[in-house]
>>> print(open('start_38.cif').read())   # mmCIF, C-alpha atoms
data_query
#
loop_
_atom_site.label_atom_id
_atom_site.label_comp_id
_atom_site.auth_asym_id
_atom_site.auth_seq_id
_atom_site.Cartn_x
_atom_site.Cartn_y
_atom_site.Cartn_z
CA MET P 1 23.74 -61.74 80.58
CA SER P 2 21.76 -63.15 77.68
CA VAL P 3 19.23 -64.63 80.13
CA PHE P 4 18.78 -61.21 81.78
CA SER P 5 18.51 -59.53 78.40
CA THR P 6 15.84 -61.97 77.29
CA PHE P 7 13.89 -61.51 80.53
CA PHE P 8 14.19 -57.72 80.27
CA ASN P 9 12.98 -57.66 76.66
CA ARG P 10 10.04 -59.92 77.48
CA TYR P 11 9.10 -57.78 80.50
CA CYS P 12 9.25 -54.57 78.42
CA ASP P 13 7.28 -56.21 75.64
CA ARG P 14 4.56 -57.31 78.03
CA TYR P 15 4.41 -54.08 80.06
CA PHE P 16 4.45 -51.66 77.10
CA GLN P 17 2.60 -53.99 74.70
CA ILE P 18 5.35 -53.50 72.13
CA SER P 19 4.60 -56.53 69.94
CA ALA P 20 0.86 -56.07 70.30
CA ARG P 21 1.21 -52.60 68.80
CA GLY P 22 3.35 -53.81 65.91
CA SER P 23 6.67 -52.39 67.09
CA SER P 24 9.98 -53.65 68.50
CA PHE P 25 12.22 -52.79 71.45
CA TRP P 26 14.94 -51.11 69.40
CA LYS P 27 12.45 -49.27 67.21
CA GLU P 28 10.95 -47.74 70.36
CA VAL P 29 14.40 -46.79 71.69
CA LEU P 30 15.33 -45.17 68.36
CA ALA P 31 12.05 -43.25 68.40
CA GLY P 32 12.89 -42.05 71.91
CA VAL P 33 16.35 -40.88 70.86
CA THR P 34 14.83 -39.01 67.91
CA THR P 35 12.19 -37.36 70.11
CA PHE P 36 14.84 -36.28 72.61
CA GLY P 37 16.94 -34.74 69.87
CA ALA P 38 13.93 -32.74 68.66
CA MET P 39 13.04 -31.32 72.09
CA ALA P 40 16.42 -31.15 73.85
CA TYR P 41 16.59 -27.42 73.05
CA ILE P 42 14.23 -26.82 75.99
CA MET P 43 17.16 -27.40 78.40
CA ALA P 44 18.71 -24.15 77.15
CA VAL P 45 15.61 -22.18 76.16
CA ASN P 46 13.47 -22.65 79.28
CA PRO P 47 16.20 -21.51 81.72
CA ASP P 48 16.86 -18.53 79.44
CA ILE P 49 13.19 -17.51 79.63
CA LEU P 50 12.69 -18.12 83.35
CA SER P 51 15.97 -16.47 84.37
CA ALA P 52 14.48 -13.19 83.07
CA ALA P 53 12.07 -13.45 86.01
CA GLY P 54 14.99 -13.33 88.46
CA LEU P 55 15.35 -17.10 88.87
CA ASP P 56 18.85 -18.57 88.87
CA ARG P 57 19.78 -20.00 85.47
CA HIS P 58 21.54 -23.07 86.87
CA ASP P 59 18.55 -23.79 89.10
CA MET P 60 16.26 -23.57 86.09
CA VAL P 61 18.43 -25.98 84.08
CA MET P 62 18.08 -28.55 86.85
CA THR P 63 14.33 -28.03 87.34
CA THR P 64 13.76 -28.17 83.57
CA ILE P 65 15.59 -31.47 83.27
CA ALA P 66 13.94 -32.95 86.37
CA SER P 67 10.45 -32.00 85.19
CA ALA P 68 11.11 -33.44 81.71
CA VAL P 69 12.35 -36.69 83.27
CA LEU P 70 9.43 -37.13 85.65
CA GLY P 71 6.81 -35.80 83.23
CA SER P 72 7.88 -38.17 80.45
CA LEU P 73 8.01 -41.10 82.88
CA ILE P 74 4.54 -40.35 84.22
CA MET P 75 3.08 -40.37 80.71
CA ALA P 76 5.06 -43.46 79.73
CA LEU P 77 4.28 -45.59 82.77
CA TRP P 78 0.71 -44.42 83.37
CA ALA P 79 -0.73 -43.96 79.88
CA ASN P 80 1.78 -46.04 77.83
CA LEU P 81 1.82 -43.53 74.98
CA PRO P 82 4.79 -42.30 72.84
CA ILE P 83 4.44 -38.76 74.17
CA ALA P 84 7.26 -36.87 75.89
CA LEU P 85 6.70 -33.98 78.28
CA ALA P 86 8.68 -30.90 79.39
CA PRO P 87 7.98 -27.27 80.40
CA ALA P 88 5.61 -25.85 77.77
CA MET P 89 6.92 -23.23 75.34
CA SER P 90 4.01 -20.89 75.98
CA SER P 91 3.32 -21.07 79.69
CA ASN P 92 6.98 -20.39 80.50
CA VAL P 93 6.82 -17.08 78.60
CA ILE P 94 3.55 -16.11 80.31
CA PHE P 95 5.03 -17.14 83.67
CA ALA P 96 8.13 -14.97 83.30
CA GLN P 97 7.15 -12.06 81.07
CA VAL P 98 3.51 -11.53 82.07
CA VAL P 99 3.08 -12.79 85.62
CA VAL P 100 6.43 -11.99 87.22
CA ILE P 101 7.79 -9.10 85.14
CA ARG P 102 4.69 -7.21 83.95
CA MET P 103 2.32 -7.93 86.84
CA GLY P 104 5.04 -7.90 89.51
CA VAL P 105 3.88 -11.18 91.04
CA PRO P 106 6.60 -13.00 93.06
CA PRO P 107 7.73 -16.32 91.54
CA ALA P 108 6.42 -18.22 94.57
CA VAL P 109 2.90 -16.94 93.89
CA ALA P 110 3.32 -17.76 90.18
CA PHE P 111 4.28 -21.35 91.05
CA THR P 112 1.15 -21.54 93.20
CA MET P 113 -0.89 -20.47 90.18
CA VAL P 114 0.68 -23.25 88.08
CA LEU P 115 -0.11 -25.76 90.84
CA LEU P 116 -3.76 -24.76 91.08
CA GLY P 117 -4.14 -24.77 87.31
CA GLY P 118 -2.71 -28.29 87.22
CA LEU P 119 -5.03 -29.45 90.01
CA ALA P 120 -8.04 -28.06 88.11
CA PHE P 121 -6.88 -29.88 84.98
CA LEU P 122 -6.39 -33.13 86.90
CA THR P 123 -9.83 -32.88 88.47
CA LEU P 124 -11.47 -32.44 85.08
CA SER P 125 -9.35 -35.19 83.56
CA LEU P 126 -10.78 -37.66 86.05
CA THR P 127 -14.37 -36.63 85.31
CA GLN P 128 -16.63 -36.38 82.28
CA TRP P 129 -16.37 -32.57 82.11
CA ARG P 130 -13.32 -32.48 79.84
CA GLN P 131 -15.19 -32.68 76.55
CA LYS P 132 -17.92 -30.30 77.78
CA ILE P 133 -15.36 -27.58 78.43
CA VAL P 134 -13.69 -28.13 75.07
CA ARG P 135 -17.03 -27.58 73.35
CA ALA P 136 -18.14 -24.68 75.57
CA PHE P 137 -15.09 -22.42 75.25
CA PRO P 138 -15.37 -20.05 72.24
CA VAL P 139 -13.36 -21.30 69.26
CA PRO P 140 -12.34 -17.79 68.07
CA VAL P 141 -10.91 -16.98 71.51
CA ARG P 142 -9.16 -20.36 71.66
CA LEU P 143 -7.50 -19.63 68.32
CA GLY P 144 -6.69 -16.12 69.50
CA ILE P 145 -4.90 -17.46 72.58
CA HIS P 146 -2.78 -19.74 70.41
CA PHE P 147 -1.90 -17.05 67.85
CA ALA P 148 -1.33 -14.28 70.39
CA ILE P 149 1.09 -16.44 72.38
CA GLY P 150 2.89 -17.32 69.15
CA ALA P 151 3.31 -13.63 68.38
CA PHE P 152 4.45 -13.01 71.96
CA ILE P 153 7.07 -15.78 71.85
CA ALA P 154 8.42 -14.51 68.51
CA HIS P 155 8.51 -11.00 69.99
CA ILE P 156 10.60 -12.22 72.94
CA GLY P 157 12.99 -13.97 70.54
CA MET P 158 13.42 -10.81 68.48
CA VAL P 159 14.23 -8.78 71.60
CA THR P 160 16.57 -11.28 73.32
CA GLY P 161 18.40 -11.86 70.04
CA GLY P 162 19.01 -8.13 69.58
CA LEU P 163 16.96 -8.08 66.37
CA ALA P 164 14.47 -5.68 67.92
CA ILE P 165 15.68 -2.77 70.05
CA LYS P 166 14.07 0.30 71.56
CA GLY P 167 13.67 3.12 69.04
CA ASN P 168 12.08 6.56 68.94
CA ASP P 169 8.73 5.13 67.83
CA GLY P 170 8.73 1.92 69.86
CA LEU P 171 10.86 -0.89 68.46
CA ALA P 172 13.47 -0.67 65.71
CA PHE P 173 15.56 -3.33 64.00
CA GLY P 174 18.93 -4.09 65.63
CA HIS P 175 22.17 -2.55 64.43
CA LEU P 176 23.59 -4.57 61.54
CA THR P 177 27.06 -3.37 62.55
CA ASP P 178 26.77 -5.48 65.71
CA PRO P 179 28.33 -8.94 65.09
CA ALA P 180 25.95 -10.48 67.65
CA VAL P 181 22.94 -9.29 65.63
CA LEU P 182 24.41 -10.79 62.47
CA LEU P 183 24.99 -14.03 64.35
CA ALA P 184 21.33 -14.07 65.47
CA ILE P 185 20.17 -13.51 61.89
CA SER P 186 22.43 -16.32 60.68
CA GLY P 187 20.99 -18.59 63.37
CA LEU P 188 17.45 -17.74 62.29
CA PHE P 189 18.23 -18.54 58.63
CA LEU P 190 19.98 -21.78 59.61
CA ALA P 191 17.10 -22.82 61.88
CA ALA P 192 14.54 -22.15 59.15
CA PHE P 193 16.56 -24.14 56.60
CA LEU P 194 17.14 -27.13 58.87
CA ARG P 195 13.59 -27.23 60.20
CA TRP P 196 11.90 -27.15 56.83
CA SER P 197 14.46 -29.58 55.44
CA ARG P 198 13.23 -31.95 58.17
CA VAL P 199 16.73 -32.40 59.59
CA PRO P 200 16.55 -34.44 62.83
CA ALA P 201 17.29 -32.42 66.00
CA ALA P 202 17.36 -29.21 63.92
CA MET P 203 16.81 -26.85 66.87
CA LEU P 204 19.49 -28.55 68.96
CA ILE P 205 21.93 -28.29 66.04
CA VAL P 206 21.25 -24.56 65.69
CA ILE P 207 21.81 -23.89 69.39
CA THR P 208 25.05 -25.88 69.30
CA VAL P 209 26.39 -24.20 66.15
CA ILE P 210 25.57 -20.64 67.29
CA THR P 211 27.01 -21.32 70.75
CA ILE P 212 30.29 -22.56 69.21
CA VAL P 213 30.53 -19.71 66.71
CA GLY P 214 29.73 -17.29 69.54
CA CYS P 215 33.05 -18.22 71.16
CA PHE P 216 34.75 -16.21 68.40
CA VAL P 217 32.25 -13.37 67.88
CA PRO P 218 32.92 -10.14 69.82
CA HIS P 219 30.16 -8.64 71.91
CA GLY P 220 30.82 -5.69 74.14
CA ALA P 221 34.15 -4.50 75.51
CA GLY P 222 36.54 -7.36 74.80
CA ALA P 223 33.97 -10.04 75.55
CA LYS P 224 32.63 -12.79 73.33
CA VAL P 225 29.02 -13.77 72.73
CA THR P 226 29.63 -17.19 74.32
CA GLN P 227 31.43 -17.42 77.66
CA LEU P 228 32.44 -21.06 78.10
CA PRO P 229 32.70 -22.50 81.63
CA THR P 230 35.98 -23.69 83.10
CA HIS P 231 34.68 -27.28 83.00
CA TRP P 232 31.98 -28.80 80.82
CA ILE P 233 30.90 -31.76 82.95
CA ASP P 234 29.98 -31.77 86.62
CA TRP P 235 27.92 -33.90 88.94
CA PRO P 236 24.38 -32.50 88.97
CA HIS P 237 23.08 -31.06 92.21
CA TYR P 238 19.40 -30.21 92.50
CA PRO P 239 18.41 -26.85 94.03
CA THR P 240 16.41 -28.20 96.97
CA HIS P 241 15.27 -24.67 97.87
CA MET P 242 13.13 -24.80 94.69
CA LEU P 243 11.08 -27.75 95.97
CA PHE P 244 7.45 -26.86 96.74
CA PRO P 245 8.05 -23.13 96.13
CA TYR P 246 4.47 -22.07 96.92
CA ASP P 247 3.01 -18.96 98.53
CA PHE P 248 -0.69 -19.53 99.14
CA LYS P 249 -0.98 -16.47 101.37
CA GLY P 250 0.33 -14.25 98.58
CA PHE P 251 -1.99 -15.92 96.08
CA PHE P 252 -5.17 -15.34 98.10
CA SER P 253 -4.16 -11.80 99.06
CA HIS P 254 -4.21 -10.90 95.34
CA PHE P 255 -6.86 -13.47 94.39
CA PHE P 256 -8.90 -11.54 91.83
CA LEU P 257 -5.80 -10.15 90.11
CA VAL P 258 -4.07 -13.51 89.67
CA LEU P 259 -7.21 -15.59 89.09
CA PRO P 260 -7.39 -14.85 85.31
CA VAL P 261 -3.80 -15.94 84.78
CA THR P 262 -4.42 -19.04 86.88
CA LEU P 263 -7.34 -19.77 84.55
CA TYR P 264 -4.97 -19.28 81.62
CA PHE P 265 -2.50 -21.82 83.04
CA PHE P 266 -5.40 -24.26 83.34
CA LEU P 267 -6.98 -23.50 79.96
CA GLY P 268 -3.63 -23.27 78.15
CA ASP P 269 -2.49 -26.64 79.43
CA PHE P 270 -5.94 -28.08 78.83
CA PHE P 271 -6.26 -27.07 75.19
CA ASP P 272 -2.56 -27.46 74.28
CA ALA P 273 -2.47 -30.94 75.76
CA THR P 274 -5.68 -31.90 73.99
CA GLY P 275 -4.48 -30.68 70.61
CA THR P 276 -0.93 -32.00 70.94
CA MET P 277 -1.83 -35.46 72.19
CA MET P 278 -4.61 -35.82 69.64
CA ALA P 279 -2.18 -34.96 66.81
CA VAL P 280 0.45 -37.42 68.05
CA ILE P 281 -1.98 -40.28 68.62
CA GLN P 282 -3.72 -39.80 65.27
CA ARG P 283 -0.35 -39.85 63.53
CA SER P 284 0.67 -43.01 65.39
CA GLY P 285 -2.48 -44.80 64.26
CA LEU P 286 -3.13 -46.13 67.77
CA LYS P 287 -6.82 -46.94 68.26
CA ASP P 288 -8.94 -48.51 70.96
CA LYS P 289 -11.33 -51.44 70.57
CA GLU P 290 -14.01 -49.11 69.19
CA GLY P 291 -11.69 -47.75 66.50
CA GLN P 292 -11.26 -44.36 68.17
CA PRO P 293 -7.84 -42.70 68.78
CA LEU P 294 -6.23 -44.24 71.88
CA LEU P 295 -6.49 -41.07 73.96
CA GLY P 296 -8.37 -41.74 77.16
CA ARG P 297 -8.57 -40.42 80.68
CA ASP P 298 -5.12 -41.76 81.63
CA ALA P 299 -3.34 -39.55 79.09
CA PHE P 300 -4.99 -36.34 80.30
CA ALA P 301 -4.53 -37.30 83.94
CA ALA P 302 -0.82 -38.00 83.30
CA ASP P 303 -0.35 -34.61 81.62
CA ALA P 304 -2.13 -32.82 84.47
CA THR P 305 -0.11 -34.71 87.10
CA ALA P 306 3.10 -33.74 85.30
CA SER P 307 2.14 -30.06 85.63
CA ILE P 308 1.55 -30.49 89.35
CA VAL P 309 4.89 -32.28 89.77
CA GLY P 310 6.62 -29.62 87.66
CA SER P 311 5.34 -26.81 89.89
CA ALA P 312 6.53 -28.75 92.95
CA LEU P 313 9.99 -29.02 91.38
CA GLY P 314 10.09 -25.28 90.66
CA THR P 315 9.29 -24.80 86.98
CA SER P 316 6.44 -23.57 84.80
CA THR P 317 3.62 -25.70 83.36
CA VAL P 318 4.79 -29.11 82.09
CA SER P 319 2.88 -30.47 79.10
CA ALA P 320 2.98 -32.82 76.13
CA TYR P 321 5.39 -31.85 73.34
CA LEU P 322 4.41 -31.77 69.69
CA GLU P 323 7.99 -32.84 68.92
CA SER P 324 6.82 -36.30 69.97
CA LEU P 325 5.58 -36.52 66.38
CA VAL P 326 9.13 -37.07 65.10
CA GLY P 327 9.43 -40.14 67.33
CA VAL P 328 6.12 -41.44 66.01
CA GLU P 329 7.46 -40.94 62.49
CA GLU P 330 10.31 -43.28 63.47
CA GLY P 331 7.77 -45.93 64.46
CA GLY P 332 7.28 -45.17 68.17
CA LYS P 333 4.01 -46.54 69.54
CA THR P 334 4.51 -47.15 73.26
CA GLY P 335 5.59 -45.55 76.52
CA LEU P 336 9.10 -46.94 76.03
CA VAL P 337 9.67 -43.84 73.89
CA GLY P 338 9.05 -41.63 76.93
CA VAL P 339 11.27 -43.80 79.15
CA THR P 340 14.12 -43.38 76.64
CA VAL P 341 13.56 -39.60 76.53
CA ALA P 342 13.60 -39.44 80.33
CA LEU P 343 16.88 -41.38 80.56
CA LEU P 344 18.55 -39.09 78.01
CA PHE P 345 17.38 -35.97 79.84
CA ALA P 346 18.75 -37.41 83.08
CA LEU P 347 22.09 -38.13 81.41
CA SER P 348 22.19 -34.57 80.06
CA SER P 349 22.17 -33.19 83.61
CA LEU P 350 25.89 -34.03 83.79
CA PHE P 351 26.51 -31.26 81.23
CA TRP P 352 24.78 -28.48 83.16
CA PRO P 353 27.86 -26.15 83.15
CA LEU P 354 27.85 -26.23 79.35
CA ILE P 355 24.08 -25.75 79.13
CA THR P 356 24.20 -22.65 81.34
CA SER P 357 26.77 -21.07 79.02
CA VAL P 358 24.41 -21.08 76.00
CA PRO P 359 23.92 -17.38 75.07
CA ALA P 360 20.56 -15.72 74.40
CA VAL P 361 21.61 -15.20 70.79
CA ALA P 362 21.62 -18.98 70.32
CA THR P 363 18.14 -19.51 71.75
CA ALA P 364 16.52 -16.46 70.12
CA PRO P 365 16.13 -18.09 66.67
CA ILE P 366 14.34 -21.02 68.33
CA LEU P 367 11.88 -18.70 70.06
CA ILE P 368 11.18 -16.88 66.80
CA LEU P 369 10.56 -20.11 64.88
CA VAL P 370 8.39 -21.58 67.63
CA GLY P 371 6.31 -18.40 67.62
CA LEU P 372 6.03 -18.35 63.83
CA GLY P 373 5.08 -22.02 63.89
CA MET P 374 2.15 -21.18 66.16
CA LEU P 375 1.15 -18.33 63.84
CA SER P 376 1.14 -20.68 60.85
CA GLY P 377 -2.24 -21.87 62.06
CA LEU P 378 -3.73 -18.55 60.98
CA THR P 379 -5.03 -20.45 57.96
CA ASP P 380 -7.63 -21.90 60.34
CA LEU P 381 -9.32 -18.49 60.32
CA LYS P 382 -10.98 -19.41 57.04
CA ASN P 383 -13.23 -21.72 59.04
CA LEU P 384 -14.61 -18.74 60.99
CA SER P 385 -17.12 -16.17 59.86
CA ALA P 386 -15.88 -12.68 58.98
CA ARG P 387 -17.30 -11.44 62.29
CA GLU P 388 -15.49 -14.09 64.32
CA GLN P 389 -12.17 -13.58 62.51
CA ILE P 390 -11.86 -10.14 64.07
CA ILE P 391 -11.45 -11.65 67.55
CA PRO P 392 -8.19 -13.63 67.14
CA LEU P 393 -6.74 -10.95 64.85
CA LEU P 394 -7.42 -8.27 67.47
CA MET P 395 -5.78 -10.44 70.13
CA VAL P 396 -2.66 -10.84 67.98
CA LEU P 397 -2.55 -7.10 67.21
CA ILE P 398 -2.81 -6.07 70.86
CA THR P 399 -0.16 -8.60 71.90
CA VAL P 400 2.31 -7.52 69.19
CA MET P 401 1.80 -3.79 69.72
CA THR P 402 1.69 -3.74 73.53
CA GLY P 403 3.25 -7.03 74.64
CA ASP P 404 0.27 -7.43 77.01
CA PHE P 405 -1.18 -10.90 76.46
CA MET P 406 -3.68 -10.75 79.33
CA ILE P 407 -5.29 -7.56 77.99
CA SER P 408 -5.63 -9.21 74.58
CA LEU P 409 -7.25 -12.28 76.14
CA ALA P 410 -9.69 -10.19 78.19
CA LEU P 411 -10.73 -7.97 75.27
CA GLY P 412 -10.99 -10.95 72.91
CA LEU P 413 -13.35 -12.73 75.29
CA LEU P 414 -15.45 -9.59 75.89
CA LEU P 415 -15.62 -8.85 72.15
CA PHE P 416 -16.91 -12.37 71.50
CA THR P 417 -19.66 -11.85 74.08
CA PHE P 418 -20.55 -8.44 72.65
CA LEU P 419 -20.80 -9.78 69.09
CA ALA P 420 -22.85 -12.75 70.25
CA ILE P 421 -25.33 -10.47 72.02
CA THR P 422 -25.62 -7.93 69.21
CA SER P 423 -26.04 -10.77 66.68
CA ARG P 424 -28.63 -12.42 68.95
CA ARG P 425 -26.69 -15.68 68.96
CA TRP P 426 -28.09 -16.65 72.34
CA GLN P 427 -26.81 -20.22 72.05
CA ASP P 428 -23.24 -18.81 72.36
CA ILE P 429 -24.00 -17.09 75.67
CA THR P 430 -23.22 -19.77 78.23
CA VAL P 431 -22.83 -19.68 81.97
CA MET P 432 -19.13 -20.45 81.56
CA LEU P 433 -18.67 -17.57 79.12
CA LEU P 434 -20.40 -15.07 81.41
CA THR P 435 -18.35 -16.32 84.38
CA LEU P 436 -15.12 -15.83 82.43
CA ASP P 437 -16.29 -12.36 81.38
CA GLY P 438 -16.84 -11.45 85.01
CA VAL P 439 -13.41 -12.72 85.99
CA PHE P 440 -11.65 -10.75 83.26
CA VAL P 441 -13.60 -7.54 83.89
CA THR P 442 -12.45 -7.77 87.49
CA TYR P 443 -8.90 -8.32 86.26
CA LEU P 444 -9.05 -5.24 84.01
CA VAL P 445 -10.32 -3.08 86.86
CA LEU P 446 -7.69 -4.27 89.34
CA SER P 447 -4.81 -4.08 86.86
CA SER P 448 -5.77 -0.54 85.82
CA ARG P 449 -5.72 0.55 89.47
CA MET P 450 -2.20 -0.86 89.78
CA GLY P 451 -1.11 1.36 86.90
#
>>> encode(input="start_38.cif", output="structure tokens")
Amino acid sequence: MSVFSTFFNRYCDRYFQISARGSSFWKEVLAGVTTFGAMAYIMAVNPDILSAAGLDRHDMVMTTIASAVLGSLIMALWANLPIALAPAMSSNVIFAQVVVIRMGVPPAVAFTMVLLGGLAFLTLSLTQWRQKIVRAFPVPVRLGIHFAIGAFIAHIGMVTGGLAIKGNDGLAFGHLTDPAVLLAISGLFLAAFLRWSRVPAAMLIVITVITIVGCFVPHGAGAKVTQLPTHWIDWPHYPTHMLFPYDFKGFFSHFFLVLPVTLYFFLGDFFDATGTMMAVIQRSGLKDKEGQPLLGRDAFAADATASIVGSALGTSTVSAYLESLVGVEEGGKTGLVGVTVALLFALSSLFWPLITSVPAVATAPILILVGLGMLSGLTDLKNLSAREQIIPLLMVLITVMTGDFMISLALGLLLFTFLAITSRRWQDITVMLLTLDGVFVTYLVLSSRMG
């Protein structure tokens, strides 16, 4: 056994370059455990979001876990970086709330959109166009996308948690006489305290605590907030009917209507992955021979491939998780972190009956905090001119007031073009910008005809 252990450790050390990067086997494993604890909440939150689109909750638990396992392994074995992947906490909301619910697009067509967005990302990742697109896309609109989605996610959390209900003038605050509302508020306070106290696995702790307390909190006629299953552990069975759930005929029959959202899936994954992976790698201190952050073509190609695999498994866009930072803080520097995360996600699939019983009240505080966390970047507006600041603020306002993210994106992009023309900033008027304007004008026309 000791001979095997020695061989295994030497193989891991050589493959993942553990010693060369100044780490150790057990330090990498500990970093993986810490990363998993920070992002394990996605097993409950993602199915909760996607089930609103009419997808079976149990199916979504299995596809979420499978995509996190394969996505993390792809990044670990291909790029050898301490970055874990899972369904992104922005694209899943757009997938369910915008594409399926608001636009009325069938899930099969939506999965096709995720696939094509991932293929576009992969193509660019393997070429030299990646940096050109990053520079060419308007910064104010990029910030607006990030902030507007943050507001949208927080909005969904407020509604699913019962903190925001329909009132005479739109939305009103939930009834404080409802024990479930008080439980959601308590969860929000607890999540805020634990997160900013830097407690490891804070979001997972909140979901667990609220789910347990929910077993004793009344909600409705004789029911409780949490309905526990008859058994907590069961052998996982994958929903094979969710494999390759594409509808290309439906996609091309509504091509100009769904094209803008397909572009969003591509651009969202593109910019989120770039920002997230750059932050993680800079924090890890990993550099190449030229002294630049160790973030090359392999990392972007791995992220793009994970999105393609995720769509084939039946889930929304899979991308790098910023929670990987907590593993880096523990000393993680190699892909062994991702392998550990993948193994723990796979082990968690045995507890799928318990995961499916997590109530919306328990996941709502997580959605609110994730959304607020994205809005915290509003301080970046100080780097924009007063004219440019209007664009992301307008996008946030439209999203909060109407819940229509695509309209906010279209108007934000068109406003940028209008201000650039009227200010005679001809260097901002690029072929890519005009092409995107044309796509979104077409989208506005078609969506208005649909009512």
>>> axis_aligned_box(input="start_38.cif", around="region 71-77 of chain P", padding_each_side="8 Å", output="AutoDock Vina command-line options")
--center_x 5.5 --center_y -40.7 --center_z 82.0 --size_x 20.9 --size_y 25.8 --size_z 20.5
>>> resolve_selection(input="start_38.cif", expression="the PyMOL selection byres ((chain P and resi 340) around 10)", output="NGL selection string")
:P and (28-36 or 69 or 72-73 or 76 or 84 or 335-339 or 341-346)
>>> residues_around(input="start_38.cif", residues="Met374 (chain P)", least_positions_apart="6", cutoff="7 Å", atoms="all atoms listed in the file", output="ChimeraX atom specification")
/P:146-147,150
>>> closest_residue(input="start_38.cif", among="P:Gly187, P:Pro106, P:Pro138, P:Gly371", to="Ser90 (chain P)", atoms="all atoms listed in the file")
P:Gly371
>>> closest_residue(input="start_38.cif", among="P:Ala202, P:Leu419, P:Leu81, P:Ile391", to="Val141 (chain P)", atoms="all atoms listed in the file")
P:Ile391
>>> closest_atom_pairs(input="start_38.cif", of="region 146-190 of chain P", to="region 46-60 of chain P", cutoff="10 Å", atoms="only C-alpha atoms", output="JSON lines")
{"residue": "P:Ile156", "atom": "CA", "partner": "P:Ile49", "partner_atom": "CA", "distance": 8.9}
{"residue": "P:Gly157", "atom": "CA", "partner": "P:Ile49", "partner_atom": "CA", "distance": 9.8}
{"residue": "P:Thr160", "atom": "CA", "partner": "P:Ile49", "partner_atom": "CA", "distance": 9.5}
>>> closest_residue(input="start_38.cif", among="P:Ser24, P:Asn168, P:Thr211, P:Ser316", to="Ala364 (chain P)", atoms="all atoms listed in the file")
P:Thr211
>>> resolve_selection(input="start_38.cif", expression="the PyMOL selection byres ((chain P and resi 436-439) around 8)", output="list in words")
Phe256, Leu259, Pro260, Ala410, Leu413, Leu414, Met432, Leu433, Leu434, Thr435, Phe440, Val441, Thr442 and Tyr443 of chain P
>>> residues_around(input="start_38.cif", residues="region 264-279 of chain P", least_positions_apart="5", cutoff="7 Å", atoms="only C-alpha atoms", output="PDB file with C-alpha atoms, keeping the file's coordinate frame")
ATOM      1  CA  SER P  91       3.320 -21.070  79.690  1.00  0.00           C
ATOM      2  CA  VAL P 114       0.680 -23.250  88.080  1.00  0.00           C
ATOM      3  CA  GLY P 117      -4.140 -24.770  87.310  1.00  0.00           C
ATOM      4  CA  GLY P 118      -2.710 -28.290  87.220  1.00  0.00           C
ATOM      5  CA  ALA P 120      -8.040 -28.060  88.110  1.00  0.00           C
ATOM      6  CA  PHE P 121      -6.880 -29.880  84.980  1.00  0.00           C
ATOM      7  CA  SER P 319       2.880 -30.470  79.100  1.00  0.00           C
ATOM      8  CA  ALA P 320       2.980 -32.820  76.130  1.00  0.00           C
ATOM      9  CA  TYR P 321       5.390 -31.850  73.340  1.00  0.00           C
ATOM     10  CA  LEU P 322       4.410 -31.770  69.690  1.00  0.00           C
TER      11      LEU P 322
END
>>> resolve_selection(input="start_38.cif", expression="the PyMOL selection byres ((chain P and resi 40) around 10)", output="VMD selection string")
chain P and resid 34 to 39 41 to 45 65 68 86 201 203 to 205 323 341 344 to 345 348
>>> closest_residue(input="start_38.cif", among="P:Thr112, P:Asn9, P:Thr317, P:Thr430", to="Thr417 (chain P)", atoms="all atoms listed in the file")
P:Thr430
>>> atom_distance(input="start_38.cif", atom1="CA of Thr379 (chain P)", atom2="CA of Ile83 (chain P)")
26.2 Å
>>> residues_around(input="start_38.cif", residues="Ala301 (chain P)", least_positions_apart="2", cutoff="9 Å", atoms="only C-alpha atoms", output="list of chain:residue names")
P:Met75, P:Trp78, P:Ala79, P:Phe121, P:Leu122, P:Thr123, P:Leu124, P:Ser125, P:Leu126, P:Gly296, P:Arg297, P:Asp298, P:Ala299, P:Asp303, P:Ala304, P:Thr305, P:Ala306
>>> atom_distance(input="start_38.cif", atom1="CA of Ala96 (chain P)", atom2="CA of Thr315 (chain P)")
10.6 Å
>>> closest_residue(input="start_38.cif", among="P:Phe152, P:Phe405, P:Phe418, P:Phe216", to="Met103 (chain P)", atoms="all atoms listed in the file")
P:Phe405
>>> residues_around(input="start_38.cif", residues="Phe248 (chain P)", least_positions_apart="6", cutoff="10 Å", atoms="only C-alpha atoms", output="list in words")
Ala108, Val109, Ala110, Phe111, Thr112, Met113 and Phe255 of chain P
